[in-house]
Structures are given as C-alpha cells and as structure tokens.
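J.: Pasting entry22.cif here (mmCIF, C-alpha atoms):
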data_structure
#
loop_
_atom_site.label_atom_id
_atom_site.label_comp_id
_atom_site.auth_asym_id
_atom_site.auth_seq_id
_atom_site.Cartn_x
_atom_site.Cartn_y
_atom_site.Cartn_z
CA MET A 1 -7.59 -18.30 -9.40
CA ALA A 2 -5.79 -14.98 -9.00
CA SER A 3 -2.60 -14.67 -6.95
CA ILE A 4 -2.15 -11.12 -5.69
CA PRO A 5 1.27 -10.44 -4.14
CA VAL A 6 1.81 -8.27 -1.07
CA GLU A 7 5.44 -7.19 -0.69
CA THR A 8 6.31 -5.83 2.76
CA PRO A 9 9.58 -5.36 4.65
CA SER A 10 8.43 -8.11 7.02
CA GLY A 11 8.20 -10.50 4.09
CA PRO A 12 6.13 -11.19 0.99
CA TYR A 13 2.93 -13.21 0.87
CA LEU A 14 0.08 -13.97 -1.49
CA VAL A 15 -3.63 -13.36 -1.41
CA GLU A 16 -5.13 -16.27 -3.33
CA TYR A 17 -8.53 -15.31 -4.73
CA GLY A 18 -11.05 -17.48 -6.53
CA HIS A 19 -14.28 -19.43 -6.30
CA GLY A 20 -13.36 -22.75 -4.74
CA ALA A 21 -10.00 -21.46 -3.47
CA LEU A 22 -10.67 -23.11 -0.11
CA ARG A 23 -10.57 -26.54 -1.74
CA GLY A 24 -6.90 -25.96 -2.48
CA ALA A 25 -6.03 -25.00 1.09
CA ALA A 26 -3.90 -28.07 1.72
CA GLN A 27 -1.75 -27.49 -1.34
CA LEU A 28 -1.46 -23.76 -0.65
CA THR A 29 -0.52 -24.41 2.97
CA ALA A 30 2.09 -26.99 2.01
CA ALA A 31 3.84 -24.31 -0.04
CA LEU A 32 4.48 -22.38 3.19
CA GLY A 33 6.98 -25.01 4.32
CA HIS A 34 7.16 -27.15 7.43
CA PHE A 35 4.97 -26.56 10.47
CA THR A 36 4.52 -28.68 13.59
CA GLY A 37 0.84 -28.19 14.30
CA VAL A 38 -2.32 -26.42 13.16
CA CYS A 39 -4.91 -24.55 15.21
CA LEU A 40 -8.11 -23.37 13.52
CA VAL A 41 -9.77 -20.29 15.04
CA SER A 42 -13.31 -19.25 14.22
CA SER A 43 -16.61 -18.20 15.77
CA PRO A 44 -19.52 -20.58 16.48
CA ARG A 45 -21.73 -18.94 13.84
CA VAL A 46 -19.09 -19.01 11.11
CA TRP A 47 -18.02 -22.55 11.98
CA LYS A 48 -21.62 -23.74 11.69
CA HIS A 49 -21.78 -22.53 8.09
CA CYS A 50 -18.33 -23.38 6.76
CA GLY A 51 -16.58 -25.57 9.32
CA ARG A 52 -16.86 -28.74 7.28
CA ALA A 53 -15.52 -27.07 4.16
CA VAL A 54 -12.59 -25.66 6.12
CA GLN A 55 -11.82 -29.02 7.74
CA ARG A 56 -11.85 -30.72 4.34
CA GLY A 57 -9.61 -28.01 2.90
CA PHE A 58 -7.03 -28.33 5.67
CA ALA A 59 -7.35 -32.06 6.39
CA ARG A 60 -4.40 -33.09 4.26
CA ALA A 61 -2.37 -30.13 5.51
CA GLY A 62 -2.58 -31.44 9.05
CA ARG A 63 -2.03 -35.08 8.25
CA ALA A 64 1.68 -35.01 9.02
CA VAL A 65 1.22 -33.31 12.39
CA GLY A 66 -2.07 -34.74 13.59
CA LYS A 67 -5.61 -33.44 13.62
CA PRO A 68 -5.86 -29.63 13.79
CA SER A 69 -7.16 -28.24 17.08
CA LEU A 70 -10.11 -25.84 17.08
CA ALA A 71 -10.73 -22.71 19.14
CA LEU A 72 -14.04 -20.84 18.89
CA LEU A 73 -14.34 -17.18 19.87
CA PRO A 74 -17.36 -14.88 20.13
CA ASP A 75 -17.85 -12.68 17.08
CA GLY A 76 -18.67 -9.00 16.66
CA GLU A 77 -16.98 -5.82 17.85
CA THR A 78 -18.12 -6.33 21.46
CA ALA A 79 -16.00 -9.51 21.52
CA LYS A 80 -12.86 -7.82 20.20
CA THR A 81 -11.37 -7.51 23.68
CA LEU A 82 -8.36 -8.36 25.78
CA ALA A 83 -10.46 -11.13 27.33
CA SER A 84 -10.95 -12.78 23.92
CA TYR A 85 -7.25 -12.40 23.20
CA GLU A 86 -6.34 -14.09 26.49
CA ARG A 87 -8.88 -16.84 25.88
CA LEU A 88 -7.31 -17.63 22.52
CA CYS A 89 -3.73 -17.55 23.83
CA ARG A 90 -4.67 -20.00 26.56
CA ALA A 91 -6.33 -22.25 23.99
CA LEU A 92 -3.09 -22.25 21.99
CA ALA A 93 -1.16 -23.17 25.14
CA ARG A 94 -3.52 -26.05 25.90
CA ALA A 95 -3.16 -27.25 22.30
CA ARG A 96 0.63 -27.08 22.77
CA LEU A 97 1.03 -25.16 19.54
CA GLU A 98 4.73 -24.57 19.00
CA ARG A 99 6.54 -21.64 17.48
CA ALA A 100 6.73 -23.61 14.23
CA GLY A 101 2.95 -24.08 14.30
CA LEU A 102 0.30 -22.43 12.16
CA LEU A 103 -2.73 -20.46 13.30
CA VAL A 104 -5.60 -20.40 10.78
CA ALA A 105 -8.15 -17.61 11.30
CA VAL A 106 -11.52 -18.38 9.73
CA GLY A 107 -14.02 -15.56 10.02
CA GLY A 108 -14.59 -11.85 9.75
CA GLY A 109 -12.71 -8.87 11.13
CA THR A 110 -13.03 -9.70 14.81
CA VAL A 111 -11.74 -13.25 14.50
CA GLY A 112 -8.98 -12.11 12.15
CA ASP A 113 -7.87 -9.22 14.34
CA VAL A 114 -7.85 -11.22 17.59
CA ALA A 115 -6.18 -14.24 15.97
CA GLY A 116 -3.60 -12.01 14.28
CA PHE A 117 -2.77 -10.31 17.58
CA ALA A 118 -2.42 -13.69 19.28
CA ALA A 119 -0.17 -14.89 16.46
CA ALA A 120 1.98 -11.76 16.79
CA THR A 121 2.57 -12.29 20.51
CA TYR A 122 2.10 -15.96 21.43
CA LEU A 123 5.57 -17.47 21.82
CA ARG A 124 6.73 -14.06 20.53
CA GLY A 125 5.33 -14.78 17.10
CA ILE A 126 3.89 -17.66 15.08
CA ARG A 127 2.58 -17.87 11.53
CA VAL A 128 -1.02 -17.00 10.77
CA LEU A 129 -3.11 -17.77 7.69
CA HIS A 130 -6.36 -15.91 7.06
CA VAL A 131 -9.52 -17.36 5.52
CA PRO A 132 -11.81 -14.28 5.49
CA THR A 133 -15.53 -15.09 5.41
CA THR A 134 -17.03 -11.58 5.18
CA LEU A 135 -16.81 -9.05 2.38
CA MET A 136 -15.25 -6.59 4.84
CA ALA A 137 -12.48 -9.04 5.70
CA GLN A 138 -11.94 -10.16 2.10
CA VAL A 139 -11.37 -6.65 0.75
CA ASP A 140 -9.70 -5.11 3.77
CA SER A 141 -9.03 -6.47 7.26
CA ALA A 142 -7.39 -9.79 6.31
CA ILE A 143 -4.71 -7.96 4.32
CA GLY A 144 -1.97 -5.75 5.66
CA GLY A 145 -1.06 -7.17 9.06
CA LYS A 146 -2.96 -4.81 11.36
CA THR A 147 -4.10 -6.77 14.39
CA GLY A 148 -5.54 -5.77 17.72
CA VAL A 149 -8.41 -5.39 20.15
CA ASN A 150 -10.56 -2.56 21.48
CA LEU A 151 -10.57 -0.88 24.85
CA PRO A 152 -13.54 0.92 26.42
CA GLU A 153 -11.56 4.11 25.73
CA GLY A 154 -11.30 3.49 21.99
CA LYS A 155 -11.05 1.12 19.04
CA ASN A 156 -7.93 -0.88 18.16
CA LEU A 157 -5.83 0.77 20.87
CA VAL A 158 -3.92 -2.44 21.68
CA GLY A 159 -2.38 -4.46 18.88
CA ALA A 160 0.59 -5.17 16.67
CA PHE A 161 1.64 -5.32 13.03
CA HIS A 162 1.94 -8.98 12.02
CA GLN A 163 1.71 -9.92 8.37
CA PRO A 164 -0.01 -13.20 7.48
CA ALA A 165 1.82 -16.01 5.77
CA LEU A 166 -1.06 -16.40 3.31
CA VAL A 167 -4.63 -15.22 2.71
CA ILE A 168 -7.13 -17.56 1.04
CA THR A 169 -10.07 -15.54 -0.28
CA ASP A 170 -12.99 -17.60 -1.56
CA PRO A 171 -16.07 -15.54 -2.54
CA ALA A 172 -18.19 -18.69 -2.27
CA LEU A 173 -17.97 -18.21 1.51
CA LEU A 174 -20.05 -15.03 1.14
CA SER A 175 -23.16 -16.92 0.03
CA THR A 176 -24.40 -17.45 3.61
CA LEU A 177 -23.42 -13.99 4.87
CA PRO A 178 -26.45 -12.08 6.23
CA GLU A 179 -27.51 -9.18 4.02
CA ARG A 180 -26.67 -6.52 6.60
CA GLU A 181 -23.13 -7.84 7.04
CA PHE A 182 -22.59 -8.06 3.30
CA ARG A 183 -23.82 -4.49 2.92
CA SER A 184 -21.43 -3.44 5.68
CA GLY A 185 -18.57 -4.64 3.49
CA ILE A 186 -19.83 -2.60 0.54
CA PHE A 187 -19.22 0.61 2.48
CA GLU A 188 -15.57 -0.43 2.80
CA VAL A 189 -15.48 -1.08 -0.96
CA ILE A 190 -16.78 2.46 -1.52
CA LYS A 191 -13.96 3.73 0.71
CA TYR A 192 -11.42 2.18 -1.67
CA ALA A 193 -13.13 3.75 -4.66
CA VAL A 194 -13.08 7.21 -3.09
CA LEU A 195 -9.51 7.08 -1.85
CA GLY A 196 -7.79 5.69 -4.91
CA ASP A 197 -9.82 4.18 -7.75
CA ARG A 198 -12.13 6.38 -9.80
CA HIS A 199 -12.85 3.50 -12.21
CA LEU A 200 -14.12 1.45 -9.27
CA PHE A 201 -16.31 4.37 -8.22
CA ASP A 202 -17.80 4.62 -11.72
CA TYR A 203 -18.37 0.86 -11.77
CA LEU A 204 -20.20 0.98 -8.44
CA GLU A 205 -22.41 3.83 -9.65
CA HIS A 206 -23.55 1.66 -12.55
CA ARG A 207 -23.39 -1.83 -11.03
CA MET A 208 -24.31 -1.43 -7.35
CA ALA A 209 -27.41 -3.60 -7.76
CA ALA A 210 -25.31 -6.45 -9.15
CA LEU A 211 -22.88 -6.20 -6.26
CA ARG A 212 -25.70 -6.11 -3.71
CA GLU A 213 -27.14 -9.25 -5.33
CA ARG A 214 -23.68 -10.87 -5.08
CA GLU A 215 -23.53 -11.61 -8.79
CA ARG A 216 -20.39 -13.54 -9.53
CA SER A 217 -19.20 -11.15 -12.24
CA ALA A 218 -19.51 -8.21 -9.83
CA LEU A 219 -17.69 -10.00 -7.02
CA ASP A 220 -14.91 -11.08 -9.37
CA TRP A 221 -14.44 -7.50 -10.58
CA VAL A 222 -14.70 -5.70 -7.25
CA ILE A 223 -12.95 -7.92 -4.69
CA PRO A 224 -9.62 -8.49 -6.51
CA ARG A 225 -9.51 -4.79 -7.40
CA CYS A 226 -9.81 -3.78 -3.74
CA ILE A 227 -7.27 -6.42 -2.72
CA GLY A 228 -4.85 -5.14 -5.33
CA LEU A 229 -5.24 -1.55 -4.19
CA LYS A 230 -4.65 -2.42 -0.56
CA ALA A 231 -1.68 -4.62 -1.51
CA GLN A 232 -0.08 -1.67 -3.32
CA ILE A 233 -0.62 0.68 -0.37
CA VAL A 234 0.59 -1.79 2.27
CA SER A 235 3.64 -2.68 0.18
CA ARG A 236 4.62 1.01 0.10
CA ASP A 237 3.89 1.66 3.78
CA GLU A 238 3.66 -1.34 6.09
CA ARG A 239 3.31 0.51 9.41
CA ASP A 240 1.16 3.56 8.76
CA ALA A 241 4.06 5.98 8.41
CA GLY A 242 2.76 7.69 5.26
CA PRO A 243 0.66 6.54 2.28
CA ARG A 244 -1.18 3.90 4.29
CA GLU A 245 -3.01 6.55 6.28
CA ALA A 246 -5.24 7.01 3.23
CA LEU A 247 -6.97 3.81 4.34
CA ASN A 248 -8.29 5.76 7.34
CA LEU A 249 -10.77 7.61 5.12
CA GLY A 250 -14.04 7.72 7.06
CA HIS A 251 -12.50 5.96 10.04
CA THR A 252 -11.84 8.88 12.40
CA PHE A 253 -15.57 9.59 12.35
CA GLY A 254 -16.49 5.90 12.16
CA HIS A 255 -14.36 4.74 15.07
CA ALA A 256 -15.72 7.53 17.24
CA LEU A 257 -19.28 6.53 16.35
CA GLU A 258 -18.61 2.90 17.25
CA SER A 259 -17.06 3.89 20.57
CA LEU A 260 -19.84 6.34 21.44
CA THR A 261 -22.48 3.65 20.89
CA GLY A 262 -20.64 0.90 22.76
CA TYR A 263 -19.86 -1.12 19.61
CA ARG A 264 -23.47 -2.37 19.66
CA ARG A 265 -25.50 -0.17 17.33
CA PHE A 266 -23.39 -0.12 14.17
CA LEU A 267 -21.43 -2.72 12.27
CA HIS A 268 -17.97 -1.44 11.45
CA GLY A 269 -18.79 -0.86 7.78
CA GLU A 270 -21.95 1.03 8.69
CA ALA A 271 -19.92 3.36 10.91
CA VAL A 272 -17.46 3.82 8.02
CA GLY A 273 -20.43 4.61 5.75
CA TRP A 274 -21.44 7.48 8.03
CA GLY A 275 -17.77 8.43 8.21
CA LEU A 276 -17.56 8.68 4.42
CA ILE A 277 -20.54 11.02 4.37
CA ALA A 278 -18.99 13.12 7.13
CA ALA A 279 -15.62 13.23 5.34
CA ALA A 280 -17.24 14.30 2.05
CA ARG A 281 -19.27 17.04 3.76
CA LEU A 282 -16.26 18.32 5.71
CA ALA A 283 -14.08 18.32 2.57
CA GLU A 284 -16.78 20.28 0.74
CA SER A 285 -17.21 22.76 3.58
CA ILE A 286 -13.49 23.65 3.66
CA GLY A 287 -13.27 23.94 -0.12
CA TRP A 288 -11.33 20.76 -0.85
CA LEU A 289 -14.09 18.93 -2.70
CA GLY A 290 -16.62 20.23 -5.20
CA GLU A 291 -20.32 20.08 -4.38
CA GLU A 292 -21.11 17.65 -7.22
CA GLU A 293 -18.48 15.11 -6.19
CA ALA A 294 -19.43 15.40 -2.51
CA ARG A 295 -23.04 14.63 -3.45
CA ARG A 296 -21.95 11.69 -5.65
CA ILE A 297 -20.04 10.17 -2.73
CA GLU A 298 -22.98 10.54 -0.38
CA ALA A 299 -25.41 9.21 -2.99
CA LEU A 300 -23.28 6.11 -3.58
CA VAL A 301 -23.07 5.40 0.16
CA ARG A 302 -26.83 5.64 0.45
CA GLU A 303 -27.34 3.49 -2.67
CA ALA A 304 -25.42 0.67 -0.99
CA GLY A 305 -28.33 0.32 1.43
CA PRO A 306 -29.86 1.81 4.55
CA LEU A 307 -27.61 2.95 7.36
CA PRO A 308 -28.84 2.67 10.95
CA PRO A 309 -29.99 6.15 12.01
CA LEU A 310 -27.58 8.26 14.00
CA PRO A 311 -28.37 8.97 17.63
CA ARG A 312 -28.27 12.59 18.68
CA ILE A 313 -24.67 13.13 19.73
CA PRO A 314 -23.49 16.61 20.73
CA PRO A 315 -20.43 17.77 18.75
CA ALA A 316 -18.45 18.01 22.00
CA ARG A 317 -18.91 14.28 22.61
CA TRP A 318 -17.91 13.50 19.02
CA LEU A 319 -14.75 15.55 19.44
CA ALA A 320 -13.85 13.94 22.76
CA ALA A 321 -14.22 10.46 21.23
CA MET A 322 -12.17 11.40 18.18
CA ARG A 323 -9.38 12.77 20.34
CA GLY A 324 -9.01 9.28 21.83
CA ASP A 325 -8.32 7.84 18.39
CA LYS A 326 -4.86 6.41 17.70
CA LYS A 327 -4.52 8.66 14.64
CA VAL A 328 -4.32 11.83 16.75
CA ARG A 329 -0.88 13.47 16.53
CA ALA A 330 0.39 15.84 19.23
CA GLY A 331 -3.20 16.28 20.35
CA ARG A 332 -4.33 17.40 16.88
CA LEU A 333 -7.25 15.71 15.17
CA ARG A 334 -6.25 14.27 11.82
CA PHE A 335 -8.75 13.50 9.07
CA ILE A 336 -8.29 11.84 5.71
CA LEU A 337 -10.53 13.78 3.32
CA PRO A 338 -11.31 13.42 -0.39
CA HIS A 339 -9.76 16.03 -2.64
CA GLU A 340 -11.56 14.51 -5.60
CA ILE A 341 -13.04 11.10 -6.24
CA GLY A 342 -10.03 8.78 -6.36
CA GLN A 343 -7.68 11.05 -4.40
CA VAL A 344 -7.43 11.92 -0.69
CA ARG A 345 -5.10 13.85 1.58
CA ALA A 346 -4.68 14.47 5.29
CA ALA A 347 -6.08 17.47 7.13
CA GLU A 348 -5.11 18.51 10.64
CA ASN A 349 -7.18 20.77 12.85
CA ALA A 350 -10.09 21.35 10.51
CA PRO A 351 -11.86 24.64 11.30
CA ALA A 352 -13.87 24.12 14.47
CA ARG A 353 -16.97 25.82 13.08
CA ALA A 354 -17.01 23.68 9.93
CA LEU A 355 -16.42 20.49 11.89
CA ALA A 356 -19.16 21.30 14.40
CA ALA A 357 -21.60 22.07 11.58
CA VAL A 358 -20.88 18.74 9.89
CA LEU A 359 -21.28 16.81 13.13
CA SER A 360 -24.48 18.63 14.09
CA GLY A 361 -26.16 17.96 10.76
CA LEU A 362 -24.71 14.56 9.91
CA GLY A 363 -27.97 12.70 10.43
CA ASP A 364 -29.86 15.02 8.09
CA SER A 365 -30.32 14.03 4.45
CA ARG A 366 -29.37 16.42 1.65
#
Mind turning this structure into structure tokens?
T.:
Amino acid sequence: MASIPVETPSGPYLVEYGHGALRGAAQLTAALGHFTGVCLVSSPRVWKHCGRAVQRGFARAGRAVGKPSLALLPDGETAKTLASYERLCRALARARLERAGLLVAVGGGTVGDVAGFAAATYLRGIRVLHVPTTLMAQVDSAIGGKTGVNLPEGKNLVGAFHQPALVITDPALLSTLPEREFRSGIFEVIKYAVLGDRHLFDYLEHRMAALRERERSALDWVIPRCIGLKAQIVSRDERDAGPREALNLGHTFGHALESLTGYRRFLHGEAVGWGLIAAARLAESIGWLGEEEARRIEALVREAGPLPPLPRIPPARWLAAMRGDKKVRAGRLRFILPHEIGQVRAAENAPARALAAVLSGLGDSR
C-alpha cells in the first residue's frame, strides 16, 4: 500500500493506493474521525460489478451510524448535468444526511464530479471520499478537488473546488473495466508524461503493451506516478491560478470536441487524445516543439489504441466552441502546449493561420 499525500490550503488528505486497498476502507474511513451517516453514490453499471465489495469494505465503517444509504446516478458525460446534481442532492435530503455525514463516490469521472459538486454545496459542504473505478479517475479526476457539471454551452461550466477527505485507489477495480474505457484513461496518462514526466513518457514508449494488458507491474508503476505528479501540482496551485493550468494540456481542443459532438461520440480521454495530437502539431507549427518530439507524442497517442474518427468540423466551429471554454481569458484563447516532452507552457492567441491549419488537418494521419 502506498500513501500519497496531497497538501492543499483547504486541508491535507491522502490517496491510498494498492491492490486490495478497498478491503481496508473501514479502517481508513475511521481515521477520518466521527461522522453521523454514510451515503454511497455510484452508477448502476459500476454498482453491479463492485457493489458487494464496496459494501463489505464500508460495512464496519457504518456500523455505528446505521446502514449506509445508496444513491445511483446515470453514468457518462451526457449524465453530467444539473439534473443529475439535483437528483443526488434530493437523495441526500431524503436520506437525512447531516453536515457531519460522509458521501462516498464510487465510480468514474461523472459520478465523482457530480458527487463532489453535491458534497461542496449540500448543507454548504460535507465530506466526500472517492473510490475511483476507472483508470481516468484513478490517475486524474478523483484527485485535486475539481467538481462540476456540464451545460449545453460547454463542459464543466458549473462547479466548485472541494477537496476530498480521502481517496481509495484500488487497481483491482479496473479488471472489469471495458477495454475502450481503460484505453481512454491511457490518453490521460500520456498527458501527464508530456506535461511533466519524461521518464514516464520513455516508459510508455517501451511498455505500452503491458499497460494495455493491465499487467500488475505496469499499473503499479504508472498509476502512483501519475497520482504523485498531480498531487505535487495541486499542492502548489489548488485553484488553477498558475502551475495547475498545465493539467489542461489537450483539454482546450478536447473539451471543444466533446461539446461539438454532444458528449456522445467521444469518451473524455479519447477527446484528450485528439487534443494532445492537436497541441503537439500546433506547438510544432509555431516553432515551440521540434518535429521529432511532435511525432513521438502523436505516435504514442496512436499506440495507445484507435481513436474514434473525427467528424468534419469547420475551423470556425472549433474556434466558437473553444471560446466558450472556461480557460478563455479576456476573450483570448489560451492553450497549454508542449515545449519539449516533459515540459509545457501557456500560449495565448496562437497565430490564426497556424491554428486553422491544425484544425483543418487534424483528422489526417502523418
């Protein structure tokens, strides 16, 4: 078991990583102190696969306050809405969860984001514990306290910063994850390698097949490394005021792609995968990134597995969608671009001709 600390101004917490970590949930939860009730939040699909294991893990934790209540939410980006948020808040009210209660989010990014937003606002704030069940959530979304829901106008436009009290990351939960969803998480792993860990990038170039096969040695090397990198970044910048914006690598393009396709065609990681290719090509075109490293980034993204093909989207529509992103400042588009593998920096108002060329040819292979 590895305990990875996250130190933020809102308070410190641990990400507990290890095979079988869920079995120790009761003991880990007890270390959080007193709470007056427990509500488990998940999706029907996730609960079908791991509900019993979660109930066993938290059974003793809830003994002093009664049986935990359960709320099930739809999964997937199309369910990450204000309606899902309201549905969960009303479930918490019916369960009479008090301010000293504990919300336990069991699932991927959608469940974690909606549950985290509910925890940030229900009774003006209750504790939340994350049990991420997807690779994407284990390496990224369960850590750092970003919560929220989408609007038709854009992704994650309504939300709050609310750090968890604890994150329990058990890679055994990934065994039943569909291949496409696991692959979606790999694109987020590649993002971490490009933005701040050249050793991770080299490892992925040599061991991608092992990671895709979910070999234990690969999971145990990759997941804690990504957690540690995000913990360092979040500890330095809790609320996206500076260094944390590096985590947006590939996301300005990716969020626009998700919005333009109604959150139905691409998983989040797949959209980020296309975003990484776009960021590498744009960085190369403006002279920030050498041709060889740009091609290595694109090759690694493609080695992770097939991306759904891009629809034909005119550059003007891309630009309109990107201008609705929350990262826009004073109306100026802001991109995080690689300067070299393992290092990124922000670019504002990239040359229109270069940006249009990248967007027009993004679906073409090189």
J.: Select, from A:Leu72, A:Leu249, A:Ala119, A:Leu173, the residue with the minimum atom-to-atom distance to Val272 in chain A, counting only C-alpha atoms.
T.: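 Among the listed residues, A:Leu249 lies closest to Val272 in chain A.
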J.: So, with all atoms listed in the file as the atoms that count, which of A:Asn156, A:Gln163, A:Thr121, A:Thr169 lies closest to Thr252 in chain A?
T.: A:Asn156
J.: A:Pro5, A:Gly324, A:Pro164, A:Gly250: which is nearest Thr147 in chain A, counting only C-alpha atoms?
T.: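 With only C-alpha atoms as the atom set, the closest residue is A:Pro164.
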J.: If I take CA of Pro68 in chain A and CA of Pro132 in chain A, how far is one from the other in Å, to one decimal?
T.: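 Between these atoms lies a distance of 18.4 Å.
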J.: Got a sec to resolve the PyMOL selection byres ((chain A and resi 254-261) around 9) on this structure and send the residues as a PyMOL selection string?
T.: chain A and resi 77+152-155+250-253+262-276+310-311+313+317-325
J.: On this structure, which residues satisfy the PyMOL selection byres ((chain A and resi 191) around 9), written as number ranges by chain?
T.: A: 186-190, 192-196, 247-250, 272-273, 276
J.: Considering only C-alpha atoms, can you say which of A:Tyr13, A:Trp221, A:Tyr85, A:Trp47 comes closest to Ala31 in chain A?
T.: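 Of A:Tyr13, A:Trp221, A:Tyr85, A:Trp47, the one nearest Ala31 in chain A is A:Tyr13, counting only C-alpha atoms.
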J.: In terms of the shortest atom-to-atom distance over only C-alpha atoms, which of A:Ala2, A:Val344, A:Ala280, A:Ala59 is closest to Glu245 in chain A?
T.: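 For Glu245 in chain A, the nearest of the given residues is A:Val344.
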J.: Taking (-4.0, -4.1, 13.6) in the file's coordinates as the center, which residues reach within 7 Å of it, counting only C-alpha atoms, put as a list in words?
T.: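 The residues that fall inside the cut-off are Asp113, Gly145, Lys146, Thr147, Gly148, Asn156, Gly159, Ala160 and Phe161 of chain A.
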J.: Using the partial input, fill out range 287-308 of chain A with N, CA and C atoms; write the result as a PDB file, keeping the file's coordinate frame.
T.:
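Once written, rebuild.pdb looks like this:
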ATOM      1  N   GLY A 287     -13.683  23.605   1.226  1.00  0.00           N
ATOM      2  CA  GLY A 287     -13.270  23.940  -0.120  1.00  0.00           C
ATOM      3  C   GLY A 287     -12.337  22.960  -0.791  1.00  0.00           C
ATOM      4  N   TRP A 288     -12.193  21.777  -0.234  1.00  0.00           N
ATOM      5  CA  TRP A 288     -11.330  20.760  -0.850  1.00  0.00           C
ATOM      6  C   TRP A 288     -12.038  19.967  -1.935  1.00  0.00           C
ATOM      7  N   LEU A 289     -13.329  19.823  -1.829  1.00  0.00           N
ATOM      8  CA  LEU A 289     -14.090  18.930  -2.700  1.00  0.00           C
ATOM      9  C   LEU A 289     -15.272  19.705  -3.266  1.00  0.00           C
ATOM     10  N   GLY A 290     -15.502  19.549  -4.578  1.00  0.00           N
ATOM     11  CA  GLY A 290     -16.620  20.230  -5.200  1.00  0.00           C
ATOM     12  C   GLY A 290     -17.958  19.661  -4.751  1.00  0.00           C
ATOM     13  N   GLU A 291     -18.987  20.489  -4.838  1.00  0.00           N
ATOM     14  CA  GLU A 291     -20.320  20.080  -4.380  1.00  0.00           C
ATOM     15  C   GLU A 291     -20.817  18.845  -5.124  1.00  0.00           C
ATOM     16  N   GLU A 292     -20.602  18.790  -6.437  1.00  0.00           N
ATOM     17  CA  GLU A 292     -21.110  17.650  -7.220  1.00  0.00           C
ATOM     18  C   GLU A 292     -20.453  16.349  -6.771  1.00  0.00           C
ATOM     19  N   GLU A 293     -19.148  16.345  -6.589  1.00  0.00           N
ATOM     20  CA  GLU A 293     -18.480  15.110  -6.190  1.00  0.00           C
ATOM     21  C   GLU A 293     -18.839  14.724  -4.761  1.00  0.00           C
ATOM     22  N   ALA A 294     -19.002  15.701  -3.874  1.00  0.00           N
ATOM     23  CA  ALA A 294     -19.430  15.400  -2.510  1.00  0.00           C
ATOM     24  C   ALA A 294     -20.798  14.715  -2.526  1.00  0.00           C
ATOM     25  N   ARG A 295     -21.699  15.218  -3.358  1.00  0.00           N
ATOM     26  CA  ARG A 295     -23.040  14.630  -3.450  1.00  0.00           C
ATOM     27  C   ARG A 295     -22.998  13.244  -4.081  1.00  0.00           C
ATOM     28  N   ARG A 296     -22.083  13.026  -5.046  1.00  0.00           N
ATOM     29  CA  ARG A 296     -21.950  11.690  -5.650  1.00  0.00           C
ATOM     30  C   ARG A 296     -21.475  10.683  -4.610  1.00  0.00           C
ATOM     31  N   ILE A 297     -20.534  11.072  -3.773  1.00  0.00           N
ATOM     32  CA  ILE A 297     -20.040  10.170  -2.730  1.00  0.00           C
ATOM     33  C   ILE A 297     -21.169   9.805  -1.778  1.00  0.00           C
ATOM     34  N   GLU A 298     -21.889  10.810  -1.317  1.00  0.00           N
ATOM     35  CA  GLU A 298     -22.980  10.540  -0.380  1.00  0.00           C
ATOM     36  C   GLU A 298     -24.066   9.696  -1.036  1.00  0.00           C
ATOM     37  N   ALA A 299     -24.386   9.981  -2.293  1.00  0.00           N
ATOM     38  CA  ALA A 299     -25.410   9.210  -2.990  1.00  0.00           C
ATOM     39  C   ALA A 299     -25.007   7.749  -3.135  1.00  0.00           C
ATOM     40  N   LEU A 300     -23.731   7.495  -3.412  1.00  0.00           N
ATOM     41  CA  LEU A 300     -23.280   6.110  -3.580  1.00  0.00           C
ATOM     42  C   LEU A 300     -23.340   5.366  -2.249  1.00  0.00           C
ATOM     43  N   VAL A 301     -22.960   6.031  -1.152  1.00  0.00           N
ATOM     44  CA  VAL A 301     -23.070   5.400   0.160  1.00  0.00           C
ATOM     45  C   VAL A 301     -24.516   5.018   0.443  1.00  0.00           C
ATOM     46  N   ARG A 302     -25.426   5.911   0.150  1.00  0.00           N
ATOM     47  CA  ARG A 302     -26.830   5.640   0.450  1.00  0.00           C
ATOM     48  C   ARG A 302     -27.406   4.590  -0.500  1.00  0.00           C
ATOM     49  N   GLU A 303     -26.871   4.504  -1.735  1.00  0.00           N
ATOM     50  CA  GLU A 303     -27.340   3.490  -2.670  1.00  0.00           C
ATOM     51  C   GLU A 303     -26.937   2.081  -2.226  1.00  0.00           C
ATOM     52  N   ALA A 304     -25.864   1.992  -1.458  1.00  0.00           N
ATOM     53  CA  ALA A 304     -25.420   0.670  -0.990  1.00  0.00           C
ATOM     54  C   ALA A 304     -26.463   0.039  -0.069  1.00  0.00           C
ATOM     55  N   GLY A 305     -27.297   0.857   0.552  1.00  0.00           N
ATOM     56  CA  GLY A 305     -28.330   0.320   1.430  1.00  0.00           C
ATOM     57  C   GLY A 305     -28.523   1.200   2.628  1.00  0.00           C
ATOM     58  N   PRO A 306     -29.553   0.936   3.410  1.00  0.00           N
ATOM     59  CA  PRO A 306     -29.860   1.810   4.550  1.00  0.00           C
ATOM     60  C   PRO A 306     -28.800   1.726   5.639  1.00  0.00           C
ATOM     61  N   LEU A 307     -28.483   2.873   6.190  1.00  0.00           N
ATOM     62  CA  LEU A 307     -27.610   2.950   7.360  1.00  0.00           C
ATOM     63  C   LEU A 307     -28.477   3.083   8.604  1.00  0.00           C
ATOM     64  N   PRO A 308     -28.097   2.436   9.705  1.00  0.00           N
ATOM     65  CA  PRO A 308     -28.840   2.670  10.950  1.00  0.00           C
ATOM     66  C   PRO A 308     -28.825   4.166  11.271  1.00  0.00           C
TER      67      PRO A 308
END
